[in-house]
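Q: I have a structure I would like to understand better, so I am pasting it below and will then ask my questions one at a time.
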Amino acid sequence: MIELRALLPHAVLIGVGLLVIALDILHVRRRFCCLGAITAAGAFLVLVLDWQGPTAALWQGLAATDGFSRAFDTVFLLSLAIVAIGSVGSEKCAVYAGEYFGVLAFSTLGLMLAASATSLLALYIGVELTTIGLMGLVGFAKTEKRSAEAAVKLFVVGAVASALALYGAGIVYGVAGTTEYHRVVEALGTGREGFPWLMWLGLACVIAGLGFKIAAVPFHLWAPDVYEGAPTAVSAFISTASKAGGMAGLLRFLVVALGHAGDRWLPIVVVLSLGSMLLGNLAAIAQTNFKRMLAYSGIAQAGYMLVAVAGAWAPSSTMAVSAVVMYAFLYAFTNIGGFLVAHAVAEATGSDDIAALRGLHKRSPFLALTVLVVLFSLGGIPPLAGFVGKLYLFAAGWDGGQVLLVSVGAGISVVALYYYLRVALEAYIKDPDDASPLPLARPVGVALAVCVLGTIAIGVYPRPWVSLGEQAAKALAPSLPARASVGTPEKPTLTGAGRVLPNRS
Amino acid sequence: MSVLAPTADPVLWLIVLVPLFMAVVAGILALTRRLEGAAPYLTSIGTGIAGLVALTHRPSRTHGYLGHVDVSWLQVWDRFHIALSVHLDHLAWVMVGVVCAVSLLVQVYSIGYMRGERGYARYFAYLSLFTASMLGLVVADNLFQLYVCWELVGICSYLLIGFWWHKPSAASAAKKAFVVTRFGDVGFMLGLLFLSVAAGSFGFTDVQHAFARIGSGAQQASTLMSNEVFLWVVPLLLFCGAVGKSAQFPLHVWLPDAMEGPTPVSALIHAATMVAAGVYMVARLIWLFTWSSVSAPLRGPLAIPLDVILVVGAVTALIAATIALVQNDIKKVLAYSTISQLGFMMMALGAGNTAGQATSMFHLVTHAFFKALLFLAAGSVIHALHHAPDPNDLRYMGGLRHRMPWTALTCGIGVVALAGLPPFSGFWSKDAIAGLLMERAGWFGHRMSPEGVLQLGADPDVASFGAVVALVVTVLTAFYAFRLWFLAFAGTPRSQAATQAHESPAVMTLPLVLLAVPSVFAGWWLHHNSLLEAYLTNEHGAPMHLTVAVVATVLALAGAAMAVRLYLKPSSGEDPVCGMPRPLYALFSNLWYVEAFWSAAVAPTLLKLGSTVAWADRNIVDGTVRATGRGIVRVGYEVRRMASGQAQSYATVIVAATVAVIVLLVLYEAAASGGMP
Amino acid sequence: MIGLQHYLLVSAALLGIGAFGALTRRNAIAVLMGVELMLNAANLNFIALWRFLTPYSMEPQVFVLIGLTIAAAEAAIGLAVVLNIYREYGTVNLDKIAELKG
Amino acid sequence: MGGWIVTLTVLAPLTASLLLLVLPASRGLLVRLVAALGAGITLPASLWLCWTYDLRKGGFQHELRIPWVPSLGIGYHVGVDGISLSLVLLTSLVITFGVFASWTQKTRTKEFLALLLLLVSGVFGVFVSRDLFFLFLFYEIAVLPMYLLIGVWGTSSKERTKEHAAMKLTLMLLGGSAFILVAILAIYFVQPVRSFDLERLATTRYSPDFQTWAFLLVYVGFGILAGIWPLHTWSPDGHASAPTAVSMLHAGVLMKLGAYGVLRVGVGLMPEGAQHWAMLMGCIATVNILYGAMSAMGQTDLKYVIAYSSVSHMGVVMLGLASLNPVGINGSVMQMFSHGIMTGLFFAVVGLIYEKAHTRDTTRMGGFARRMPGIAVTMTVGGLASFGLPATSGFIAEFLSFYGMWLRSPLLALLAVGGIVLTAIYVLRIIQRVFLGPFNESNYADLRDARTTEWPAIVALALILLVVGLWPRPLVRMIDSGIRTALPWVQTTQVAQYPGRDVGQR
Amino acid sequence: MSSIHLLAFLSLCVLTLVPAVMVVTTRNLVHAGFWLLPCLIGVAGFYALLEAHVFVAVQVLIYVGAILVLILFALMLTRDVMDPKEPQTNRLVWWAAGSCGAAMLITAHILFHHPWRTTGMVPMPAAQQTAELGRALIGRYAMPFEVASVILLAALVGAIVVARGPRRDAAASIPAGEDRP
């Protein structure tokens, strides 16, 4: 019974998806707007149900609803709601509104499953549901050649990654005899022989599948093309919710199933993180397309999140999960805002190049302000959310002894600012060639306002989000007996950092 | 070294504050249009009050006056504490008198001279500010205050030289004066730091004690240097300041240019008082220089700071005098003569000890009067000739004694005093200096006075050099002084303007007359019973050496006679001084190439250094920054090419990366666990 | 004796061959074929492991079932995507579908 | 009460800034008045703080603590001591007059003022923060608006566009904050209690090894904003390109954030690290002084001269700091104050000149004193303070810094003192070129002296320079009380020869 | 038994892998499509050999019956752009061959060095197995199974929209949020 209640949000979300498809078929008046609103409302309903629901193991232990899943579900559902409202301005998808929102809802369901998954089976199902849904959504812009290309690329890369992941799941099964995390822990034991080479094989393949999902280097190359080609709202969803979903899956897999083998997977995560931060930021410099730039920036952001994930290797680390949760939140607000600005500008000017933003401050002060908030938040400038979030991520990384990653991350953030500021230059500093006011559909405006407010709110008063993250961390904590509580001085020794002399009188 | 038992009297603050206040008031008046005329009266009264206060507080040798002590000006923790106070001892008292007197007369004179000038009140504000600073310097009780006022005097001089700022030459001269003296000030400041850190205090007495302790080896001077080096370096550093301020070789180049300022300014600050600051400072710290020679590790030429002072003074005196020979600008002649006389004072100080102090102060006082007189007279002439193509040029003058009898007369007195002919004031003081040097040189038989080691002064050989220079310069001085007078006042007018010149108004001639009086009598009066010397030093001054007096007088007369012979008759042709040997003339008229050295070597080098550093900053330091930026962007463009657009290449990367991760990890594990399982 | 390793080896070979096809075929439909081979390999992997390790566990079987479903779903969406691209570009040659890059 | 007043200095500009965003841009006067109010209210507030600060008690007063994210040890904790109080006072002075200086700003006034106030709010925040997290947060808030302020309202010079300058400035400064970030995390994690509160952090004694490298990070990170050589190159271009009020604030106040950070975070928390690197700091500071002055000599653009002079003067700040003794640090903070006022004055004056003469090329100027005597006088006063003339605040600051450094390393002090000549050279040269000499009537027919709203800034700033120079005791007492409690150990620092007896007389 | 098993295994290997290689290398894509058939059947054969009887049927039904047909259908649809004379491989051949070869090698290496803990147990007979699977699918694994249906639904909806031609009549002209005519 508890399980059924816990499953209620998932079921309702399926219902919402089916409902909008059905309503579309029934020719509801003011379709697009209406369906978007219904989807958003549905998302909120699901959110409420989710939070009302019990903490329980689902599917007899294959998945679970707990603080962790609820925190991430909130990210997904908020993203869904904002994207649903923000999509309303989009002509390109207007024709297939029902299908659009329906598949979006199904993808969200997949993400929720991924966050709840406590077995590779559930994780795989969730991730695939999302990927397959998104493969369709990316191709939804029927008038856009790029949309078709993006879809085919996502399909090719996604299919290979998915096959790899499935193979990897098989290997993990081969090692442990199961893919349920808590039983994997038991099967592996804590010793060195408990982690045979075969596990490397499985681990690498699973991480490849999830790395594709979070667009971490070297699994990232699809992202810029897909983000650029996809309908902008869909890009927003992929870049935030889908990335967060992958991150949630990865985090739970690594921390719960392989929590004792942190030193084993740490090098992989470190390499991914380093590569993502460096390549993502460097490649973003050279971009002229705004969405593409956001894509590369998103790759880099994934790298930042991986810093915290890398920090989670150490049994004593306390912040990693919480930091990732919080960052997923703020990144959703911020990046959806960014894409929606691109969306609004593209609707009006027909171009999503950075140059199309030129003189935005004259054409639409609100959009200009939004883009500033978004860019500065991404760049980690206070008092916006990105600042606190990144600090938290780095703190988590440091907590796990990842001094190198933190240093590189801090340094490369400066490079990142270069391209963020270049956009700010176009949008806010330069004067437009054509100063006519830029029309902004009201729903998009509302969505943007939510994004901006969210970004600022998290930045100014991060406490609720931090505690949300801490709840999520607590949900994963029982599987980590060695995890120390806040305030213990023990931590991995750094050069010269570890020793603490007695207090001065 | 006298021990003073000071009497505290806050009234002494008035010496500094009243002129300062008047400067502020005049400055405010300068902002108005109507009340400008009141400024000179206010500032004159201010200076007068300062003088009166000083007069009523005449300290004796054993009894100084101290201003209010407890003015804590700056305090850092408990250790570093600067309190302001004024201290009127006998040395300061003399100096205050000179400053006030000259300043007052110059201000009165300026009422007439500057009438109708733009910035009339501003001018008097500057003058008064200058007076205040100079008085502050004189009555300073510690090194810090001395330095503060020292700099303020400098900036006042900047403001006054650049008073006619719209003239590019004046603007440049002002800048030059300040910058060149600033070079010396760096030395002064360093010396100050050395000394105050070693002493843990700025106060003269503390510093003095510390210096004695260091000299006797009771205290380690500094980690930077040994006590010996300390004792040698610190006085020299301090002396650097004096070199700048008192226009000694090689920093004398600013003073002739400073004549770009209004003539009364030249009279006041570039002849009578400000340039005397350096001399005054060395005199004030004479025990320090003396001590350094006592403790000097070795004796010999230039081994001790006093030698250096003496040589610098001598060189300065000689160079400046020779240059003065060939100048045609009336103020330039006087300027170089000032430098030369300052050299004399330095020579006297170089002789060391209280005797040197007293002698140089003696010359300082007499010189202040007659040089102020000369400058004011020159100003009077210039004022009268303001229609001439160049009112300063002696070659446009001639025969002015008929048109301007008062000026001619007073100027004549000044000239004679400058030349050092008895019984005018210059004679007495110069004679004292020459005598002192000869005594130190041992020309009178006894090399060392009975007081013993403290009497040690400059090296006898160096002193001999100084004595010789003094005698030579006496000749030269007499010559150029008389040359000046004859060119200006004798003969017939050589320009239209000169024929139409008029005597200046009474407000200008009155100060001339007033200054002429001490120019005539001050020397005799002060020398009588060694008034000043006895007042300043513990000992009774050395009696006048008749031989010296005779020799000096003869030499001066010789110089004067030559000038009379050459210039008495009006000549329309070339200036007779051009007839001297060519190389010498070139050397003199080119100012011994010192000026050229500064303007052609030092200044451009500095500026070049500036532009080089600026270039390097632009292109190397900033260039590196920009190159880094560009490099990163370029890397970005390279990285970008990874995404070729071909979908399968993306997938290939994924597969390859996964395989690579597995292979690498397995290899690593294998290596770590020592082989394949 | 034929053991688990051999089956797994076949599976690995199939995966490699499929991956090779997916990565190198120009034609998007041929890529789909490669992917199907890879999924087959994964399924074979599961069945072999199931047989030799836990013949009474249903988890691998369900996994295979899910894998089959996903294979079908991917085939469906993949073919739709390919048809779409064919309509837009007039080709299914992936080398020529590279307008988005950098 | 006091804590709220402290908070007011942060919030008033911020509130005004937000208010400006919603005001219609067409109401020009209203916009300006709101900005002036937001900025101006900080002046009485900071004066009140100075007035009520108990010097005898010393230490941090007017404190306010609000838990922010307790689980991470983040709390809003503000308070002022003598050091921060003097800098708060400086900031409130400069911003109040800065708003006046930008009264005539024409384009996008509203946004300009909003950003300016945002920046100022950050500056106040840094000075009053007692929490490392908030300190860093405010630090970045103070830095970033510069990009827009320079980018939008700046002016390009011949060689550098304003966009380039803005970008370089922002990236270099934020590059510095990357160092700071790492250092902050290191400090946060190395001590036993998870807290960002500086008060708590100060109770830990960090191991010498840790201090060695963490201090270096802090020094480089904050030092970039303080313009340490060779990471100063953002400063000339940035200052030269920025609009008047921004240059005033940036050179005047913002650069002090860097020095303040080194002082508060670096020296304050890691004394042994500071000791370890003191000579390096001293050397770099000396290079700064000389190099900045020489570079300034080589400039013809008025703003570049001033900008390089800032590099040079910040060298004095760092020199005093590097001395690590009471005298030097007092001099350092004093120089922060003095240079803030001085350079604020400079940039205000230069802005006026540029506005009226439409050029910054000094080779094309001359004799401006004829038409703008007031500006000439104030600029000269600034110049005098700049080369440390007694009776200006610059002298006190430089003298104390040199004196302090002398106690540590006479050699460095010796070199640094040479800077006063170089400074005099370029300052007087520039004054001569601009104001003195013959005036070209035909080129500058409509040159005028300052006008109504332009007077207060330059006159007041010049007067402050003089007043502090003539009577430095109150300010130094305040600063000293701060140093006394914040860095009690500096007194016991064994450096060269610290005078054992009272310095001063009798 | 074991020799039959071996023989079956080897022949299935040939039946599976050789066609698999042909699938990925044949220039003629229609041929490649047809090569897929023996390959998939070979996999089904492996399932039979491994006594996973249900999946033999499922494999044949879904792969051969559905997916393969779908693929062939698509191949036919896009046949006009295929030129069998052109090489059907892109420039990544060597990279791909390298990575795939390395993958196979390393996998083989690891597989043969892994200490497999195989059980001697024999799977249930076919009927029971099917029943067990059915029970699992409505029992513990009901939800995953349901979600799989959602996957199919999402794929179908997506596929329909993507594959359908653009509604030229409507697409370009509808303003945001307005009614469709």
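Residue numbers start at 1 in each chain; chains themselves are named A, B, ... in the order of the structure tokens; ligands are numbered from 1 in the order shown.
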Give me, as a PyMOL selection string, all polymer residues having an atom no more than 9 Å from range 65-74 of chain A, counting only C-alpha atoms and skipping those fewer than 4 positions away in the same chain.
A: chain A and resi 6-7+47+50-51+53-58+78-79+108+111-117+241+244-245+248+252+321+325-326+328-329+468-476
Q: Find the residues around range 66-78 of chain C up to 6 Å (only C-alpha atoms counted), leave out those fewer than 6 positions away in its own chain, and share them as a ChimeraX atom specification.
A: /E:152,155,159
Q: Residues near Ile309 in chain B, anyone? I mean within 7 Å using only C-alpha atoms, not counting same-chain ones fewer than 3 positions away, as number ranges by chain.
A: B: 305-306, 312-313, 346-347, 350
Q: Just need the residues of chain B within 9 Å of chain E, counting only C-alpha atoms, so spit them out as JSON, numbers by chain.
A: {"B": [648, 649, 652, 653, 655, 656, 657, 658, 659, 660, 662, 663, 666, 676, 677]}
Q: Those same residues - N, CA and C atoms - I'd like them written as a short mmCIF file (atom, residue, chain, number, x, y, z; two decimals), in the first residue's frame.
A:
data_model
loop_
_atom_site.label_atom_id
_atom_site.label_comp_id
_atom_site.auth_asym_id
_atom_site.auth_seq_id
_atom_site.Cartn_x
_atom_site.Cartn_y
_atom_site.Cartn_z
N GLN B 648 28.95 10.04 -35.96
CA GLN B 648 29.62 8.83 -35.49
C GLN B 648 30.96 9.13 -34.84
N SER B 649 31.56 10.24 -35.26
CA SER B 649 32.83 10.57 -34.61
C SER B 649 32.59 10.80 -33.12
N THR B 652 32.29 7.48 -31.66
CA THR B 652 33.62 6.85 -31.63
C THR B 652 34.41 7.32 -30.44
N VAL B 653 34.33 8.60 -30.19
CA VAL B 653 35.05 9.13 -29.03
C VAL B 653 34.56 8.46 -27.76
N VAL B 655 33.19 5.47 -27.42
CA VAL B 655 33.67 4.09 -27.34
C VAL B 655 35.16 4.07 -27.02
N ALA B 656 35.90 4.89 -27.77
CA ALA B 656 37.34 4.88 -27.58
C ALA B 656 37.69 5.29 -26.16
N ALA B 657 37.00 6.30 -25.66
CA ALA B 657 37.30 6.77 -24.31
C ALA B 657 37.00 5.68 -23.29
N THR B 658 35.88 5.01 -23.49
CA THR B 658 35.53 3.95 -22.55
C THR B 658 36.60 2.87 -22.55
N VAL B 659 36.97 2.47 -23.77
CA VAL B 659 38.01 1.44 -23.88
C VAL B 659 39.30 1.93 -23.23
N ALA B 660 39.64 3.18 -23.53
CA ALA B 660 40.88 3.72 -23.00
C ALA B 660 40.86 3.70 -21.48
N ILE B 662 39.20 1.72 -19.54
CA ILE B 662 39.36 0.34 -19.04
C ILE B 662 40.82 -0.09 -19.15
N VAL B 663 41.38 0.13 -20.34
CA VAL B 663 42.76 -0.32 -20.57
C VAL B 663 43.70 0.33 -19.57
N VAL B 666 43.20 -0.96 -16.04
CA VAL B 666 43.68 -2.32 -15.88
C VAL B 666 45.21 -2.33 -15.86
N MET B 676 49.79 -9.52 -13.86
CA MET B 676 48.44 -9.98 -14.17
C MET B 676 47.99 -10.97 -13.11
N PRO B 677 46.73 -11.00 -12.80
CA PRO B 677 46.24 -11.95 -11.80
C PRO B 677 46.29 -13.38 -12.33
#
Q: Residues of chain A that have any atom at most 9 Å from an atom of chain E: could you tabulate them with the shortest-distance atom pair and the distance in Å to one decimal, using only C-alpha atoms, ordered by chain and increasing number, as JSON lines?
A:
{"residue": "A:Ile14", "atom": "CA", "partner": "E:Val150", "partner_atom": "CA", "distance": 8.0}
{"residue": "A:His27", "atom": "CA", "partner": "E:Arg180", "partner_atom": "CA", "distance": 8.7}
{"residue": "A:Val28", "atom": "CA", "partner": "E:Asp179", "partner_atom": "CA", "distance": 8.9}
{"residue": "A:Arg29", "atom": "CA", "partner": "E:Asp179", "partner_atom": "CA", "distance": 6.2}
{"residue": "A:Arg30", "atom": "CA", "partner": "E:Asp179", "partner_atom": "CA", "distance": 4.7}
{"residue": "A:Arg31", "atom": "CA", "partner": "E:Asp179", "partner_atom": "CA", "distance": 6.1}
{"residue": "A:Phe32", "atom": "CA", "partner": "E:Gly177", "partner_atom": "CA", "distance": 5.2}
{"residue": "A:Cys33", "atom": "CA", "partner": "E:Gly177", "partner_atom": "CA", "distance": 4.9}
{"residue": "A:Cys34", "atom": "CA", "partner": "E:Gly177", "partner_atom": "CA", "distance": 8.2}
{"residue": "A:Leu58", "atom": "CA", "partner": "E:Met143", "partner_atom": "CA", "distance": 8.9}
{"residue": "A:Trp59", "atom": "CA", "partner": "E:Arg140", "partner_atom": "CA", "distance": 6.1}
{"residue": "A:Gln60", "atom": "CA", "partner": "E:Arg140", "partner_atom": "CA", "distance": 6.2}
{"residue": "A:Leu62", "atom": "CA", "partner": "E:Tyr141", "partner_atom": "CA", "distance": 8.8}
{"residue": "A:Val88", "atom": "CA", "partner": "E:Gly177", "partner_atom": "CA", "distance": 5.8}
{"residue": "A:Gly89", "atom": "CA", "partner": "E:Ala176", "partner_atom": "CA", "distance": 4.7}
{"residue": "A:Ser90", "atom": "CA", "partner": "E:Ala176", "partner_atom": "CA", "distance": 6.0}
{"residue": "A:Glu91", "atom": "CA", "partner": "E:Ala176", "partner_atom": "CA", "distance": 5.7}
{"residue": "A:Lys92", "atom": "CA", "partner": "E:Ala171", "partner_atom": "CA", "distance": 6.8}
{"residue": "A:Cys93", "atom": "CA", "partner": "E:Ala171", "partner_atom": "CA", "distance": 8.2}
{"residue": "A:Ala94", "atom": "CA", "partner": "E:Ala171", "partner_atom": "CA", "distance": 7.3}
{"residue": "A:Val95", "atom": "CA", "partner": "E:Ala171", "partner_atom": "CA", "distance": 6.0}
{"residue": "A:Tyr96", "atom": "CA", "partner": "E:Val161", "partner_atom": "CA", "distance": 7.3}
{"residue": "A:Glu99", "atom": "CA", "partner": "E:Val157", "partner_atom": "CA", "distance": 6.5}
{"residue": "A:Tyr100", "atom": "CA", "partner": "E:Gly158", "partner_atom": "CA", "distance": 8.3}
{"residue": "A:Gly102", "atom": "CA", "partner": "E:Ala154", "partner_atom": "CA", "distance": 8.1}
{"residue": "A:Val103", "atom": "CA", "partner": "E:Ala154", "partner_atom": "CA", "distance": 5.7}
{"residue": "A:Phe106", "atom": "CA", "partner": "E:Ala154", "partner_atom": "CA", "distance": 6.7}
{"residue": "A:Ser107", "atom": "CA", "partner": "E:Ala154", "partner_atom": "CA", "distance": 8.1}
{"residue": "A:Gly110", "atom": "CA", "partner": "E:Val147", "partner_atom": "CA", "distance": 8.5}
{"residue": "A:Leu121", "atom": "CA", "partner": "E:Pro144", "partner_atom": "CA", "distance": 8.2}
{"residue": "A:Ala122", "atom": "CA", "partner": "E:Pro144", "partner_atom": "CA", "distance": 6.9}
{"residue": "A:Ile125", "atom": "CA", "partner": "E:Ala148", "partner_atom": "CA", "distance": 7.1}
{"residue": "A:Gly126", "atom": "CA", "partner": "E:Val147", "partner_atom": "CA", "distance": 8.3}
{"residue": "A:Glu128", "atom": "CA", "partner": "E:Ile151", "partner_atom": "CA", "distance": 7.6}
{"residue": "A:Leu129", "atom": "CA", "partner": "E:Ile151", "partner_atom": "CA", "distance": 5.1}
{"residue": "A:Thr130", "atom": "CA", "partner": "E:Ile151", "partner_atom": "CA", "distance": 8.3}
{"residue": "A:Ile132", "atom": "CA", "partner": "E:Ala155", "partner_atom": "CA", "distance": 6.0}
{"residue": "A:Gly133", "atom": "CA", "partner": "E:Ala154", "partner_atom": "CA", "distance": 5.5}
{"residue": "A:Leu134", "atom": "CA", "partner": "E:Gly158", "partner_atom": "CA", "distance": 8.3}
{"residue": "A:Met135", "atom": "CA", "partner": "E:Gly158", "partner_atom": "CA", "distance": 7.6}
{"residue": "A:Gly136", "atom": "CA", "partner": "E:Gly158", "partner_atom": "CA", "distance": 4.3}
{"residue": "A:Leu137", "atom": "CA", "partner": "E:Gly158", "partner_atom": "CA", "distance": 6.6}
{"residue": "A:Val138", "atom": "CA", "partner": "E:Val162", "partner_atom": "CA", "distance": 9.0}
{"residue": "A:Gly139", "atom": "CA", "partner": "E:Val162", "partner_atom": "CA", "distance": 5.8}
{"residue": "A:Phe140", "atom": "CA", "partner": "E:Val162", "partner_atom": "CA", "distance": 6.0}
{"residue": "A:Ala141", "atom": "CA", "partner": "E:Val162", "partner_atom": "CA", "distance": 8.6}
{"residue": "A:Lys142", "atom": "CA", "partner": "E:Pro166", "partner_atom": "CA", "distance": 5.4}
{"residue": "A:Thr143", "atom": "CA", "partner": "E:Pro166", "partner_atom": "CA", "distance": 6.8}
{"residue": "A:Ala148", "atom": "CA", "partner": "E:Val162", "partner_atom": "CA", "distance": 8.3}
{"residue": "A:Gly174", "atom": "CA", "partner": "E:Trp116", "partner_atom": "CA", "distance": 8.6}
{"residue": "A:Val175", "atom": "CA", "partner": "E:Trp116", "partner_atom": "CA", "distance": 8.2}
{"residue": "A:Pro196", "atom": "CA", "partner": "E:His114", "partner_atom": "CA", "distance": 7.3}
{"residue": "A:Trp197", "atom": "CA", "partner": "E:Ile110", "partner_atom": "CA", "distance": 6.4}
{"residue": "A:Leu198", "atom": "CA", "partner": "E:Ile110", "partner_atom": "CA", "distance": 5.9}
{"residue": "A:Leu201", "atom": "CA", "partner": "E:Thr107", "partner_atom": "CA", "distance": 7.4}
{"residue": "A:Ala441", "atom": "CA", "partner": "E:Ala176", "partner_atom": "CA", "distance": 7.3}
{"residue": "A:Pro443", "atom": "CA", "partner": "E:Gly177", "partner_atom": "CA", "distance": 8.9}
Q: Can you tell me, as a ChimeraX atom specification, what residues are no more than 9 Å from Leu514 in chain B when counting only C-alpha atoms, ignoring any on the same chain fewer than 5 positions away?
A: /B:105,373,509
Q: Since we have the selection now, will you write its residues out, keeping N, CA and C atoms, as a CSV table (one decimal), in the first residue's frame?
A:
chain,number,residue,atom,x,y,z
B,105,LEU,N,60.6,93.1,5.1
B,105,LEU,CA,61.1,94.1,4.1
B,105,LEU,C,60.7,93.7,2.7
B,373,LEU,N,69.3,93.0,-0.2
B,373,LEU,CA,69.4,94.4,-0.7
B,373,LEU,C,69.7,94.3,-2.2
B,509,THR,N,61.9,101.8,-2.4
B,509,THR,CA,63.2,102.3,-2.0
B,509,THR,C,63.5,102.3,-0.5
Q: Which residues come within 8 Å of Thr286 in chain D, counting only C-alpha atoms, excluding same-chain residues fewer than 4 positions away, as a list in words?
A: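 Counting only C-alpha atoms, the residues come to Gly282, Leu290, Gly315, Val316, Leu319, Leu412, Ala413, Leu415 and Ala416 of chain D.
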Q: Could you take the residues named above and write them with all heavy atoms, as a tab-separated table (two decimals), in the first residue's frame?
A:
chain	number	residue	atom	x	y	z
D	282	GLY	N	57.46	42.90	0.26
D	282	GLY	CA	58.19	44.16	0.29
D	282	GLY	C	58.85	44.44	-1.05
D	282	GLY	O	58.78	45.55	-1.57
D	290	LEU	N	58.38	52.06	-7.70
D	290	LEU	CA	59.30	52.63	-8.68
D	290	LEU	C	58.77	52.45	-10.09
D	290	LEU	O	58.75	53.37	-10.91
D	290	LEU	CB	60.68	51.99	-8.53
D	290	LEU	CG	61.32	52.21	-7.16
D	290	LEU	CD1	62.62	51.46	-7.06
D	290	LEU	CD2	61.54	53.70	-6.93
D	315	GLY	N	51.67	50.52	-4.19
D	315	GLY	CA	52.93	49.95	-3.74
D	315	GLY	C	53.25	50.41	-2.33
D	315	GLY	O	53.73	49.63	-1.50
D	316	VAL	N	52.97	51.65	-2.05
D	316	VAL	CA	53.22	52.16	-0.69
D	316	VAL	C	52.34	51.42	0.31
D	316	VAL	O	52.78	51.05	1.40
D	316	VAL	CB	52.98	53.67	-0.63
D	316	VAL	CG1	53.15	54.17	0.79
D	316	VAL	CG2	53.90	54.38	-1.57
D	319	LEU	N	53.75	48.13	0.79
D	319	LEU	CA	55.04	48.24	1.47
D	319	LEU	C	54.83	48.33	2.98
D	319	LEU	O	55.47	47.63	3.77
D	319	LEU	CB	55.79	49.47	0.97
D	319	LEU	CG	57.23	49.59	1.44
D	319	LEU	CD1	58.11	48.71	0.59
D	319	LEU	CD2	57.71	51.01	1.36
D	412	LEU	N	65.07	47.95	1.25
D	412	LEU	CA	63.86	48.15	0.45
D	412	LEU	C	63.31	49.55	0.67
D	412	LEU	O	62.88	50.22	-0.27
D	412	LEU	CB	62.80	47.12	0.83
D	412	LEU	CG	63.06	45.71	0.31
D	412	LEU	CD1	61.93	44.80	0.72
D	412	LEU	CD2	63.18	45.74	-1.20
D	413	ALA	N	63.31	49.98	1.92
D	413	ALA	CA	62.81	51.31	2.20
D	413	ALA	C	63.63	52.34	1.45
D	413	ALA	O	63.09	53.29	0.88
D	413	ALA	CB	62.86	51.58	3.69
D	415	LEU	N	65.18	52.00	-1.37
D	415	LEU	CA	64.77	52.04	-2.78
D	415	LEU	C	63.42	52.72	-2.93
D	415	LEU	O	63.20	53.53	-3.82
D	415	LEU	CB	64.69	50.61	-3.33
D	415	LEU	CG	66.03	49.93	-3.52
D	415	LEU	CD1	65.83	48.47	-3.84
D	415	LEU	CD2	66.80	50.62	-4.63
D	416	ALA	N	62.53	52.37	-2.01
D	416	ALA	CA	61.18	52.88	-2.14
D	416	ALA	C	61.14	54.40	-1.98
D	416	ALA	O	60.37	55.08	-2.66
D	416	ALA	CB	60.28	52.22	-1.10
Q: Leaving out Val64 in chain C and any residue of its chain fewer than 2 positions from it, which residues lie within 9 Å of it when counting only C-alpha atoms, given as JSON, numbers by chain?
A: {"C": [42, 43, 44, 46, 47, 59, 60, 61, 62, 66, 67, 68, 69], "E": [55]}
